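K.L.:
Below you'll find start21.cif; it's mmCIF, C-alpha atoms.
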data_protein
loop_
_atom_site.label_atom_id
_atom_site.label_comp_id
_atom_site.auth_asym_id
_atom_site.auth_seq_id
_atom_site.Cartn_x
_atom_site.Cartn_y
_atom_site.Cartn_z
CA MET A 1 125.44 96.74 56.58
CA VAL A 2 125.00 93.37 58.28
CA ARG A 3 121.53 93.14 59.76
CA ARG A 4 120.24 91.74 63.00
CA SER A 5 119.00 88.78 61.04
CA LEU A 6 122.62 87.59 60.95
CA ALA A 7 123.18 88.06 64.66
CA GLY A 8 122.78 84.34 65.27
CA LEU A 9 125.72 83.74 62.95
CA LEU A 10 127.63 86.59 64.53
CA LEU A 11 127.31 84.83 67.88
CA LEU A 12 130.04 82.54 66.65
CA ALA A 13 131.77 84.67 64.02
CA ALA A 14 132.22 87.84 66.04
CA LEU A 15 133.88 85.92 68.83
CA LEU A 16 136.52 84.71 66.39
CA ILE A 17 137.74 88.24 65.66
CA PRO A 18 141.07 88.89 67.40
CA ALA A 19 140.88 91.40 70.22
CA ALA A 20 141.90 94.95 69.37
CA PRO A 21 141.78 98.14 71.44
CA ALA A 22 138.71 100.31 71.03
CA ALA A 23 137.27 98.04 68.31
CA ALA A 24 133.69 98.83 67.34
CA HIS A 25 130.92 96.87 65.71
CA ASN A 26 130.05 97.69 62.10
CA TYR A 27 126.47 96.44 62.01
CA SER A 28 123.25 97.77 63.48
CA ALA A 29 122.26 96.46 66.88
CA THR A 30 119.19 97.04 69.02
CA ALA A 31 119.16 97.19 72.80
CA TYR A 32 116.00 97.22 74.92
CA ALA A 33 115.39 99.04 78.20
CA ASP A 34 112.35 98.67 80.44
CA VAL A 35 112.45 101.51 82.99
CA SER A 36 110.23 101.67 86.08
CA GLU A 37 110.15 103.45 89.45
CA PRO A 38 109.27 101.01 92.25
CA GLU A 39 109.53 103.85 94.77
CA PRO A 40 110.01 107.61 94.35
CA GLY A 41 113.57 108.32 93.30
CA LEU A 42 114.57 104.68 92.79
CA VAL A 43 114.70 103.98 89.05
CA ARG A 44 114.99 100.35 87.93
CA THR A 45 116.12 99.51 84.38
CA VAL A 46 116.00 96.06 82.82
CA LEU A 47 118.55 96.18 80.00
CA ASP A 48 118.69 93.55 77.25
CA LEU A 49 122.02 93.82 75.41
CA GLU A 50 123.20 91.61 72.57
CA TYR A 51 125.50 89.02 74.10
CA VAL A 52 128.00 89.20 71.25
CA LEU A 53 128.40 92.96 71.53
CA LEU A 54 128.77 92.85 75.28
CA VAL A 55 131.52 90.22 75.38
CA THR A 56 133.42 91.72 72.43
CA ASP A 57 133.01 95.52 72.54
CA GLY A 58 132.62 95.54 76.32
CA GLY A 59 135.59 93.28 76.97
CA ARG A 60 137.82 95.20 74.57
CA GLU A 61 136.84 98.59 75.95
CA MET A 62 137.60 97.38 79.48
CA GLY A 63 140.90 95.82 78.38
CA ASP A 64 139.82 92.28 79.28
CA PRO A 65 140.36 89.98 76.26
CA ASP A 66 139.83 86.96 78.52
CA LEU A 67 136.08 87.70 78.58
CA GLU A 68 135.86 87.35 74.79
CA SER A 69 137.93 84.18 74.79
CA ALA A 70 135.91 82.60 77.60
CA ALA A 71 132.64 83.46 75.87
CA TYR A 72 133.91 81.88 72.66
CA GLN A 73 134.77 78.66 74.49
CA ASP A 74 131.34 78.70 76.13
CA VAL A 75 129.68 79.04 72.72
CA LEU A 76 131.59 76.00 71.48
CA ALA A 77 130.65 74.03 74.58
CA THR A 78 126.95 74.66 73.93
CA GLY A 79 127.21 73.43 70.35
CA GLN A 80 126.64 77.00 69.10
CA ASP A 81 123.02 76.78 70.25
CA PRO A 82 122.00 80.17 71.69
CA ALA A 83 119.18 78.54 73.65
CA LYS A 84 121.77 76.65 75.71
CA LEU A 85 123.78 79.70 76.73
CA THR A 86 123.83 80.51 80.44
CA PRO A 87 124.94 83.64 82.33
CA ARG A 88 127.93 81.72 83.72
CA ILE A 89 130.52 83.77 81.80
CA LEU A 90 128.80 87.05 82.71
CA GLU A 91 128.93 86.08 86.38
CA GLN A 92 132.55 84.97 86.12
CA TYR A 93 133.55 88.32 84.60
CA THR A 94 131.06 90.45 86.49
CA ASP A 95 133.63 93.16 87.23
CA THR A 96 134.25 93.67 83.51
CA VAL A 97 130.56 93.48 82.57
CA ALA A 98 129.40 95.83 85.32
CA GLY A 99 132.42 98.08 84.75
CA TYR A 100 131.39 98.55 81.13
CA VAL A 101 127.58 98.80 81.49
CA LEU A 102 126.96 100.75 84.70
CA PRO A 103 128.83 103.97 83.81
CA ARG A 104 127.33 103.97 80.32
CA TRP A 105 123.67 103.80 81.33
CA ILE A 106 122.91 107.19 82.83
CA VAL A 107 119.83 108.22 84.81
CA ALA A 108 119.71 111.68 86.37
CA PRO A 109 117.10 114.20 87.49
CA ALA A 110 116.00 116.28 84.53
CA GLU A 111 117.11 119.58 86.10
CA GLU A 112 120.00 121.21 84.27
CA GLY A 113 123.34 120.40 85.84
CA ALA A 114 122.05 117.47 87.90
CA GLU A 115 124.58 114.66 88.31
CA ALA A 116 123.96 111.05 87.34
CA CYS A 117 122.43 108.88 90.04
CA PRO A 118 124.68 106.04 91.28
CA ASN A 119 124.03 102.69 89.58
CA THR A 120 124.16 99.23 91.13
CA LEU A 121 123.33 95.74 89.90
CA ALA A 122 119.95 94.78 91.32
CA ALA A 123 119.48 91.17 90.17
CA PRO A 124 121.49 88.19 88.88
CA TYR A 125 122.41 88.14 85.20
CA GLU A 126 120.15 86.28 82.79
CA ILE A 127 120.24 85.25 79.13
CA ALA A 128 117.14 86.29 77.19
CA LEU A 129 116.42 85.18 73.62
CA ILE A 130 114.93 87.92 71.46
CA GLU A 131 114.15 86.67 67.95
CA ASN A 132 116.47 83.77 68.72
CA VAL A 133 119.35 86.20 69.38
CA PRO A 134 120.91 85.86 72.85
CA HIS A 135 120.82 88.99 74.98
CA ALA A 136 122.42 89.60 78.34
CA ARG A 137 119.70 90.79 80.72
CA ILE A 138 121.13 93.21 83.27
CA VAL A 139 119.00 94.84 85.97
CA ILE A 140 120.23 98.24 87.18
CA GLU A 141 118.95 100.39 90.01
CA SER A 142 119.71 104.11 89.81
CA ASP A 143 119.36 105.63 93.26
CA CYS A 144 118.11 109.19 92.85
CA ARG A 145 116.35 109.31 96.23
CA GLY A 146 118.80 111.84 97.57
CA GLU A 147 118.12 114.15 94.63
CA VAL A 148 114.30 114.10 94.41
CA ASN A 149 111.50 114.63 96.88
CA GLU A 150 108.28 112.72 97.38
CA HIS A 151 106.72 114.36 94.33
CA ALA A 152 106.89 112.61 90.96
CA ALA A 153 110.25 113.44 89.42
CA THR A 154 111.23 113.70 85.80
CA TYR A 155 114.48 112.15 84.59
CA ARG A 156 117.11 112.47 81.92
CA ILE A 157 118.09 109.08 80.51
CA SER A 158 121.18 108.61 78.35
CA THR A 159 123.13 105.72 76.82
CA GLU A 160 126.78 105.45 75.86
CA LEU A 161 126.60 101.72 75.15
CA PHE A 162 128.28 100.37 72.01
CA PRO A 163 129.08 103.54 70.06
CA GLY A 164 129.18 102.74 66.34
CA THR A 165 132.50 104.25 65.47
CA ALA A 166 133.09 101.85 62.57
CA PRO A 167 131.40 102.68 59.23
CA GLY A 168 127.80 101.50 59.28
CA GLY A 169 127.80 100.64 62.97
CA MET A 170 125.11 101.99 65.25
CA THR A 171 123.16 100.98 68.32
CA THR A 172 119.50 101.79 68.76
CA THR A 173 118.00 101.52 72.24
CA ILE A 174 114.23 101.20 72.55
CA VAL A 175 113.16 102.53 75.95
CA SER A 176 109.79 101.70 77.47
CA TYR A 177 109.25 103.64 80.67
CA ASP A 178 106.58 103.73 83.36
CA LEU A 179 107.54 106.27 86.02
CA GLY A 180 105.73 108.33 88.61
CA SER A 181 105.80 111.33 86.28
CA GLY A 182 104.46 109.49 83.23
CA SER A 183 104.95 106.64 80.81
CA GLY A 184 105.81 106.21 77.16
CA VAL A 185 108.21 104.85 74.57
CA ALA A 186 111.40 106.50 73.33
CA GLU A 187 114.19 105.67 70.90
CA LEU A 188 117.87 106.45 71.48
CA ASP A 189 120.78 106.34 69.07
CA THR A 190 124.07 106.01 70.92
CA ASP A 191 125.90 108.25 68.45
CA ALA A 192 123.34 110.70 67.10
CA ASN A 193 120.60 110.97 69.75
CA PRO A 194 121.72 109.40 73.05
CA THR A 195 119.50 111.33 75.51
CA PHE A 196 115.84 111.99 76.22
CA THR A 197 113.87 113.34 79.15
CA THR A 198 110.73 111.76 80.50
CA THR A 199 108.94 115.07 79.98
CA GLN A 200 109.91 115.19 76.32
CA ASP A 201 106.84 116.15 74.30
CA TRP A 202 104.94 113.52 72.34
CA GLY A 203 105.79 115.10 68.98
CA SER A 204 109.54 114.90 69.60
CA ARG A 205 109.35 111.25 70.64
CA MET A 206 107.20 110.36 67.64
CA TRP A 207 109.58 112.17 65.27
CA GLU A 208 112.35 109.91 66.55
CA PHE A 209 110.28 106.85 65.66
CA PHE A 210 109.47 108.32 62.24
CA VAL A 211 113.19 108.73 61.56
CA LEU A 212 113.88 105.24 62.91
CA GLY A 213 111.33 103.76 60.48
CA ALA A 214 112.69 105.78 57.56
CA GLU A 215 116.25 104.69 58.34
CA HIS A 216 115.17 101.08 58.73
CA LEU A 217 113.91 100.96 55.15
CA LEU A 218 116.55 103.25 53.70
CA PHE A 219 119.43 101.28 55.21
CA GLY A 220 117.70 97.90 55.11
CA ILE A 221 119.16 96.66 51.85
CA ASP A 222 116.91 93.59 51.73
CA HIS A 223 113.73 95.71 51.71
CA ILE A 224 115.26 98.12 49.18
CA LEU A 225 116.02 95.22 46.82
CA PHE A 226 112.48 93.86 47.19
CA LEU A 227 111.13 97.29 46.25
CA LEU A 228 113.46 97.53 43.23
CA ALA A 229 112.26 94.11 42.07
CA LEU A 230 108.66 95.37 42.26
CA ILE A 231 109.54 98.53 40.32
CA VAL A 232 111.38 96.87 37.42
CA GLY A 233 108.61 94.27 37.17
CA SER A 234 105.88 96.90 36.81
CA ARG A 235 104.73 97.82 33.30
CA ARG A 236 102.44 100.70 34.17
CA LEU A 237 101.97 103.20 36.95
CA ARG A 238 98.91 101.33 38.17
CA ASP A 239 100.98 98.13 38.48
CA ILE A 240 103.45 99.65 40.91
CA VAL A 241 100.66 101.48 42.76
CA LEU A 242 98.70 98.24 43.15
CA SER A 243 101.78 96.27 44.23
CA ALA A 244 102.97 98.95 46.64
CA THR A 245 99.48 99.26 48.15
CA ALA A 246 99.19 95.50 48.62
CA PHE A 247 102.65 95.36 50.19
CA THR A 248 101.91 98.31 52.49
CA VAL A 249 98.56 96.96 53.71
CA ALA A 250 100.01 93.50 54.31
CA HIS A 251 103.16 94.49 56.16
CA SER A 252 101.27 97.11 58.20
CA VAL A 253 98.91 94.45 59.53
CA THR A 254 101.57 91.96 60.56
CA PHE A 255 103.95 94.70 61.69
CA ILE A 256 101.46 95.97 64.27
CA LEU A 257 100.40 92.46 65.34
CA ALA A 258 103.97 91.23 65.67
CA ALA A 259 105.23 94.31 67.50
CA LEU A 260 102.35 94.01 69.98
CA GLY A 261 103.12 90.34 70.54
CA VAL A 262 99.93 89.00 68.94
CA VAL A 263 101.90 87.24 66.20
CA SER A 264 105.27 85.66 66.84
CA VAL A 265 107.40 84.02 64.17
CA PRO A 266 111.05 83.11 64.85
CA GLY A 267 113.60 85.18 62.98
CA ALA A 268 115.20 81.94 61.76
CA ILE A 269 112.03 81.41 59.69
CA VAL A 270 111.18 85.00 58.76
CA GLU A 271 114.57 86.12 57.49
CA PRO A 272 115.14 83.28 54.95
CA ILE A 273 111.59 83.79 53.61
CA ILE A 274 112.24 87.52 53.18
CA ALA A 275 115.38 86.70 51.19
CA LEU A 276 113.47 84.16 49.10
CA SER A 277 110.69 86.67 48.42
CA ILE A 278 113.26 89.10 47.00
CA ALA A 279 114.55 86.46 44.62
CA ILE A 280 111.08 85.24 43.58
CA VAL A 281 109.78 88.72 42.67
CA ALA A 282 112.92 89.41 40.62
CA LEU A 283 112.84 85.99 38.93
CA TRP A 284 109.14 86.47 38.14
CA HIS A 285 110.04 89.51 36.05
CA LEU A 286 112.89 87.68 34.29
CA TRP A 287 110.67 84.70 33.55
CA GLY A 288 108.04 86.98 31.96
CA VAL A 289 110.61 88.75 29.78
CA PHE A 290 112.27 85.61 28.48
CA ARG A 291 108.97 83.79 28.01
CA ARG A 292 107.85 86.56 25.67
CA ARG A 293 111.18 86.45 23.85
CA GLY A 294 110.82 82.73 23.27
CA ALA A 295 107.18 82.84 22.24
CA GLY A 296 108.07 82.69 18.57
CA ALA A 297 109.00 84.91 15.66
CA PRO A 298 108.31 88.56 16.34
CA GLN A 299 105.12 90.01 14.94
CA PRO A 300 104.44 93.64 14.10
CA VAL A 301 103.21 95.73 17.00
CA PRO A 302 99.40 95.93 16.83
CA ALA A 303 97.99 99.33 16.11
CA ALA A 304 96.88 101.10 19.28
CA PRO A 305 93.28 102.30 19.64
CA ALA A 306 92.63 105.72 18.18
CA SER A 307 92.07 107.15 21.66
CA SER A 308 95.61 106.42 22.82
CA PRO A 309 99.00 106.90 21.18
CA ALA A 310 100.80 103.74 20.16
CA VAL A 311 104.04 102.87 21.83
CA GLY A 312 106.86 102.92 19.31
CA SER A 313 104.73 104.81 16.75
CA THR A 314 107.84 106.75 15.75
CA PRO A 315 109.34 105.07 12.70
CA ALA A 316 111.81 102.46 13.88
CA PRO A 317 114.79 101.06 12.05
CA SER A 318 114.55 97.63 10.51
CA GLY A 319 115.13 94.80 12.95
CA SER A 320 113.82 96.67 16.00
CA VAL A 321 110.30 95.22 15.85
CA ALA A 322 111.01 92.47 18.39
CA VAL A 323 112.46 94.93 20.87
CA LEU A 324 109.53 97.29 20.48
CA GLU A 325 107.09 94.42 20.91
CA ARG A 326 108.65 93.47 24.21
CA VAL A 327 108.80 97.09 25.33
CA GLU A 328 105.07 97.43 24.67
CA VAL A 329 104.46 94.76 27.26
CA GLU A 330 106.86 96.54 29.64
CA THR A 331 105.22 99.97 29.45
CA ASP A 332 101.84 101.42 30.21
CA VAL A 333 99.95 100.49 27.03
CA ALA A 334 98.36 97.11 26.51
CA ALA A 335 96.58 97.01 23.17
CA THR A 336 94.82 93.76 23.92
CA ARG A 337 93.18 94.99 27.15
CA GLY A 338 91.09 97.91 28.26
CA SER A 339 92.92 100.50 30.34
CA ALA A 340 90.86 99.63 33.41
CA GLY A 341 91.14 95.88 33.01
CA PHE A 342 93.36 93.52 34.98
CA ALA A 343 94.67 90.28 33.61
CA ARG A 344 94.90 87.14 35.70
CA ALA A 345 98.67 87.60 35.92
CA ASP A 346 98.15 91.04 37.52
CA TRP A 347 95.99 89.59 40.29
CA VAL A 348 98.34 86.67 40.87
CA ARG A 349 101.32 89.02 41.16
CA THR A 350 99.41 91.26 43.57
CA ALA A 351 98.44 88.26 45.72
CA VAL A 352 102.05 87.07 45.85
CA VAL A 353 103.26 90.56 46.82
CA PHE A 354 100.58 90.73 49.52
CA LEU A 355 101.69 87.36 50.91
CA PHE A 356 105.32 88.46 51.01
CA GLY A 357 104.25 91.75 52.58
CA LEU A 358 102.83 89.80 55.51
CA ILE A 359 106.24 88.22 56.04
CA HIS A 360 108.12 91.51 55.65
CA GLY A 361 105.86 93.06 58.30
CA VAL A 362 107.12 90.58 60.87
CA GLY A 363 110.66 91.50 59.84
CA PHE A 364 109.93 95.23 60.26
CA ALA A 365 108.58 94.56 63.75
CA GLY A 366 111.87 92.95 64.69
CA ALA A 367 113.49 96.37 64.42
CA LEU A 368 111.51 97.49 67.48
CA GLY A 369 111.12 94.29 69.46
CA ILE A 370 108.81 95.95 71.97
CA SER A 371 107.08 93.43 74.22
CA GLU A 372 104.93 95.32 76.69
CA PRO A 373 101.18 95.47 77.34
CA PHE A 374 99.16 97.48 74.85
CA SER A 375 99.14 101.25 75.36
CA TRP A 376 98.14 104.17 73.16
CA GLY A 377 101.68 105.49 73.42
CA LEU A 378 103.07 102.21 72.12
CA LEU A 379 100.53 102.04 69.30
CA GLY A 380 101.35 105.62 68.32
CA ALA A 381 105.07 104.79 68.19
CA LEU A 382 104.41 101.73 66.04
CA LEU A 383 102.21 103.64 63.62
CA VAL A 384 104.68 106.51 63.27
CA PHE A 385 107.53 104.03 62.75
CA ASN A 386 105.44 102.48 59.98
CA VAL A 387 104.75 105.90 58.42
CA GLY A 388 108.50 106.48 58.26
CA ILE A 389 108.86 103.22 56.33
CA GLU A 390 106.08 104.19 53.91
CA VAL A 391 107.42 107.68 53.22
CA VAL A 392 110.81 106.34 52.18
CA GLN A 393 109.18 103.58 50.12
CA LEU A 394 107.01 106.12 48.31
CA GLY A 395 110.01 108.40 47.76
CA ILE A 396 111.97 105.59 46.10
CA ILE A 397 109.02 104.76 43.81
CA VAL A 398 108.52 108.43 42.87
CA VAL A 399 112.17 108.79 41.90
CA VAL A 400 113.00 105.43 40.31
CA PHE A 401 109.82 104.42 38.45
CA PRO A 402 109.46 107.58 36.28
CA LEU A 403 113.13 107.35 35.32
CA LEU A 404 112.67 103.73 34.29
CA VAL A 405 109.54 104.54 32.28
CA LEU A 406 111.32 107.43 30.55
CA LEU A 407 114.24 105.16 29.67
CA ARG A 408 111.90 102.47 28.32
CA ARG A 409 110.12 104.96 26.08
CA ARG A 410 113.11 106.96 24.84
CA ILE A 411 115.64 104.11 24.48
CA PRO A 412 113.51 100.92 24.57
CA ALA A 413 116.34 98.41 24.16
CA VAL A 414 118.40 99.99 26.95
CA GLY A 415 115.35 100.22 29.20
CA LEU A 416 114.62 96.55 28.65
CA TRP A 417 118.14 95.41 29.46
CA VAL A 418 118.49 97.70 32.47
CA GLY A 419 115.39 96.02 33.90
CA ILE A 420 116.83 92.60 33.15
CA ALA A 421 120.19 93.47 34.71
CA VAL A 422 118.63 94.89 37.88
CA ALA A 423 116.28 91.93 38.29
CA ALA A 424 119.10 89.44 37.71
CA ALA A 425 121.33 91.13 40.30
CA VAL A 426 118.49 91.26 42.84
CA ALA A 427 117.65 87.60 42.23
CA VAL A 428 121.27 86.51 42.75
CA VAL A 429 121.58 88.47 45.99
CA GLY A 430 118.22 87.20 47.25
CA LEU A 431 119.13 83.57 46.58
CA TYR A 432 122.54 84.03 48.21
CA TRP A 433 120.93 85.52 51.33
CA PHE A 434 118.36 82.73 51.39
CA VAL A 435 121.04 80.04 51.50
CA GLU A 436 123.16 82.04 53.94
CA ARG A 437 120.26 82.63 56.34
CA LEU A 438 119.17 79.02 56.17
CA ALA A 439 122.69 77.97 57.12
CA ALA A 440 122.84 80.54 59.93
CA GLY A 441 119.45 79.47 61.28
CA GLY A 442 120.38 75.82 61.15
#
Give the structure from this file in structure tokens form.
P.N.:
Amino acid sequence: MVRRSLAGLLLLAALLIPAAPAAAHNYSATAYADVSEPEPGLVRTVLDLEYVLLVTDGGREMGDPDLESAAYQDVLATGQDPAKLTPRILEQYTDTVAGYVLPRWIVAPAEEGAEACPNTLAAPYEIALIENVPHARIVIESDCRGEVNEHAATYRISTELFPGTAPGGMTTTIVSYDLGSGSGVAELDTDANPTFTTTQDWGSRMWEFFVLGAEHLLFGIDHILFLLALIVGSRRLRDIVLSATAFTVAHSVTFILAALGVVSVPGAIVEPIIALSIAIVALWHLWGVFRRRGAGAPQPVPAAPASSPAVGSTPAPSGSVAVLERVEVETDVAATRGSAGFARADWVRTAVVFLFGLIHGVGFAGALGISEPFSWGLLGALLVFNVGIEVVQLGIIVVVFPLLVLLRRRIPAVGLWVGIAVAAAVAVVGLYWFVERLAAGG
């Protein structure tokens, strides 16, 4: 699944794809909606939609391939610099743009059977950069004044924008609303959960953010690979617990600060560093393994203290001493240290993981991209989103780490080489992404 971090590259690449009827994107996209009610019954929505999706999916759905072609030429004319894009093409093809967006953003009174309120464009088009990704800013007014009275009304809000009919494609819309009947934050999935009501209970809204956070980690292959690199590089349960705790604390801090707008780091900087962090953690493990292999002729495994069973105490065939010696370092027994002691390498590794966790937190925040004044509702959504991330992370550790430990103890040589193979694969992917993201950001 191609992530939003590559959307800058997609600005050029997606426009090169030949037009085809009913084509759909196959990567995750995030739209943003700021909904207000300047007067009773008049609902104003500021929509920020990824420019690439709008000119490709929108143009194709409306049967207007000229929009895509004109946008491509405009991208070339700006030197592929998203900061230089203007709304000129959107204005030129306003019938296509409005024809796609207006019927697919639906605001209606919450009463069952109520029809959608008529939509009109309420302001000129703009181009907004969100994490250096160009978005078309479209202001819509939904006139429900004929359907509601002077009392604060509740509304049903739905999206049909950019359905992800291709494998892996989906569009998440983060809705921040401040209406006469209340305010809050909601999350919509065009395919799976396209509708909410402004009277929806807090628990339901927060569950949506929990699921969004869980999906972000589960389907965010870069974060999964980082976690796998931590797991294969951990010798004991306390190692992975310490690393996971450091990572959680670090990314939670920057996640909240970045999502609230206190910390702002361009995606062109964050995403390459995330890729590099994946490679570094994996290479760290490989370096430790091969350093021990090259330390000299293998020596017999030292006898473990009487209070703890020795790893590899079962009689081993001749020639397996070197493997068992390396496995001892890889598992949860360290004969040269007390069970409660930490070596300098442990603290260095934890500090490095903490530092990378700070960077990953900014990347997690990019999945929400909420930029509104602080509110308890917003903070609750951010915290629940983060809990979703942590639950999936913990689940992966609980499943993968015991299996790896069991393999290392029962079949030491296989356990060792499985760790090496996983770390090598993660390192290669991380380095590839690092170079790719640098090129895309440049």
K.L.:
For A:Val422, which residue among A:Tyr93, A:Tyr100, A:Trp105, A:Phe226 is the nearest when counting only C-alpha atoms?
P.N.:
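Nearest to A:Val422: A:Phe226.
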K.L.:
Have a look at atom CA of A:Ile273 and atom CA of A:Ala214 and let me know their distance in Å, one decimal.
P.N.:
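Distance between the two atoms: 22.4 Å.
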K.L.:
Could you check how far atom CA of A:Pro194 sits from atom CA of A:Met206, in Å to one decimal?
P.N.:
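Between atom CA of A:Pro194 and atom CA of A:Met206 the gap is 15.5 Å.
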K.L.:
Distance atom CA of A:Glu390-atom CA of A:Leu230, one decimal place?
P.N.:
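One can read the atom CA of A:Glu390 to atom CA of A:Leu230 distance as 14.8 Å.
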K.L.:
Could you list the residues chosen by the PyMOL selection byres ((chain A and resi 148) around 12) in this structure as a list in words?
P.N.:
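So the PyMOL selection byres ((chain A and resi 148) around 12), applied here, picks out Glu39, Pro40, Gly41, Leu42, Val43, Ala108, Pro109, Ala110, Glu111, Ala114, Glu115, Cys117, Asp143, Cys144, Arg145, Gly146, Glu147, Asn149, Glu150, His151, Ala152, Ala153, Thr154, Tyr155 and Gly180 of chain A.
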K.L.:
Using the selection just defined, write its residues with C-alpha atoms as an mmCIF file, keeping the file's coordinate frame.
P.N.:
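Heads up, here's the output in again_23.cif:
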data_model
loop_
_atom_site.group_PDB
_atom_site.id
_atom_site.type_symbol
_atom_site.label_atom_id
_atom_site.label_comp_id
_atom_site.auth_asym_id
_atom_site.auth_seq_id
_atom_site.Cartn_x
_atom_site.Cartn_y
_atom_site.Cartn_z
ATOM 1 C CA GLU A 39 109.530 103.850 94.770
ATOM 2 C CA PRO A 40 110.010 107.610 94.350
ATOM 3 C CA GLY A 41 113.570 108.320 93.300
ATOM 4 C CA LEU A 42 114.570 104.680 92.790
ATOM 5 C CA VAL A 43 114.700 103.980 89.050
ATOM 6 C CA ALA A 108 119.710 111.680 86.370
ATOM 7 C CA PRO A 109 117.100 114.200 87.490
ATOM 8 C CA ALA A 110 116.000 116.280 84.530
ATOM 9 C CA GLU A 111 117.110 119.580 86.100
ATOM 10 C CA ALA A 114 122.050 117.470 87.900
ATOM 11 C CA GLU A 115 124.580 114.660 88.310
ATOM 12 C CA CYS A 117 122.430 108.880 90.040
ATOM 13 C CA ASP A 143 119.360 105.630 93.260
ATOM 14 C CA CYS A 144 118.110 109.190 92.850
ATOM 15 C CA ARG A 145 116.350 109.310 96.230
ATOM 16 C CA GLY A 146 118.800 111.840 97.570
ATOM 17 C CA GLU A 147 118.120 114.150 94.630
ATOM 18 C CA ASN A 149 111.500 114.630 96.880
ATOM 19 C CA GLU A 150 108.280 112.720 97.380
ATOM 20 C CA HIS A 151 106.720 114.360 94.330
ATOM 21 C CA ALA A 152 106.890 112.610 90.960
ATOM 22 C CA ALA A 153 110.250 113.440 89.420
ATOM 23 C CA THR A 154 111.230 113.700 85.800
ATOM 24 C CA TYR A 155 114.480 112.150 84.590
ATOM 25 C CA GLY A 180 105.730 108.330 88.610
#
K.L.:
Using all atoms listed in the file, which of A:Gly388, A:Pro118, A:Pro124, A:Gly380 sits nearest A:Pro103?
P.N.:
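Between A:Gly388, A:Pro118, A:Pro124, A:Gly380, the residue approaching A:Pro103 most closely is A:Pro118.
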K.L.:
Quick one: residues within 10 Å of A:Ala192, all atoms listed in the file counted, chain neighbours fewer than 5 positions away excluded, as a list in words?
P.N.:
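Neighbouring residues, sequence-local ones excluded: Pro163, Gly164, Met170, Thr171 and Thr172 of chain A.
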K.L.:
If you apply the PyMOL selection byres ((chain A and resi 247-255) around 6) to this file, what residues do you get, as number ranges by chain?
P.N.:
A: 244-246, 256-259, 353-354, 357-358, 360-362, 365
K.L.:
With only C-alpha atoms as the basis for distance, which of A:Asn132, A:Gln80, A:Thr30, A:Gln92 is at the shortest distance from A:Leu161?
P.N.:
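Among the listed residues, the smallest separation from A:Leu161 belongs to A:Thr30.
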K.L.:
Atoms are missing here; could stretch 390-402 of chain A be completed with N, CA and C atoms and written as a compact mmCIF listing (two decimals), in the frame of the given file?
P.N.:
# COMPACT_ATOMS: atom_id res chain seq x y z
N GLU A 390 106.88 103.94 55.12
CA GLU A 390 106.08 104.19 53.91
C GLU A 390 106.57 105.43 53.16
N VAL A 391 106.97 106.46 53.88
CA VAL A 391 107.42 107.68 53.22
C VAL A 391 108.66 107.41 52.38
N VAL A 392 109.60 106.66 52.93
CA VAL A 392 110.81 106.34 52.18
C VAL A 392 110.47 105.43 51.00
N GLN A 393 109.58 104.47 51.21
CA GLN A 393 109.18 103.58 50.12
C GLN A 393 108.55 104.38 48.98
N LEU A 394 107.66 105.29 49.33
CA LEU A 394 107.01 106.12 48.31
C LEU A 394 108.03 107.00 47.60
N GLY A 395 108.99 107.55 48.36
CA GLY A 395 110.01 108.40 47.76
C GLY A 395 110.84 107.65 46.73
N ILE A 396 111.19 106.40 47.04
CA ILE A 396 111.97 105.59 46.10
C ILE A 396 111.17 105.33 44.83
N ILE A 397 109.88 105.01 44.98
CA ILE A 397 109.02 104.76 43.81
C ILE A 397 108.92 106.02 42.95
N VAL A 398 108.70 107.18 43.59
CA VAL A 398 108.52 108.43 42.87
C VAL A 398 109.77 108.79 42.07
N VAL A 399 110.93 108.45 42.59
CA VAL A 399 112.17 108.79 41.90
C VAL A 399 112.53 107.76 40.84
N VAL A 400 112.47 106.48 41.19
CA VAL A 400 113.00 105.43 40.31
C VAL A 400 112.04 105.08 39.18
N PHE A 401 110.74 104.92 39.47
CA PHE A 401 109.82 104.42 38.45
C PHE A 401 109.69 105.38 37.25
N PRO A 402 109.52 106.70 37.46
CA PRO A 402 109.46 107.58 36.28
C PRO A 402 110.73 107.54 35.44
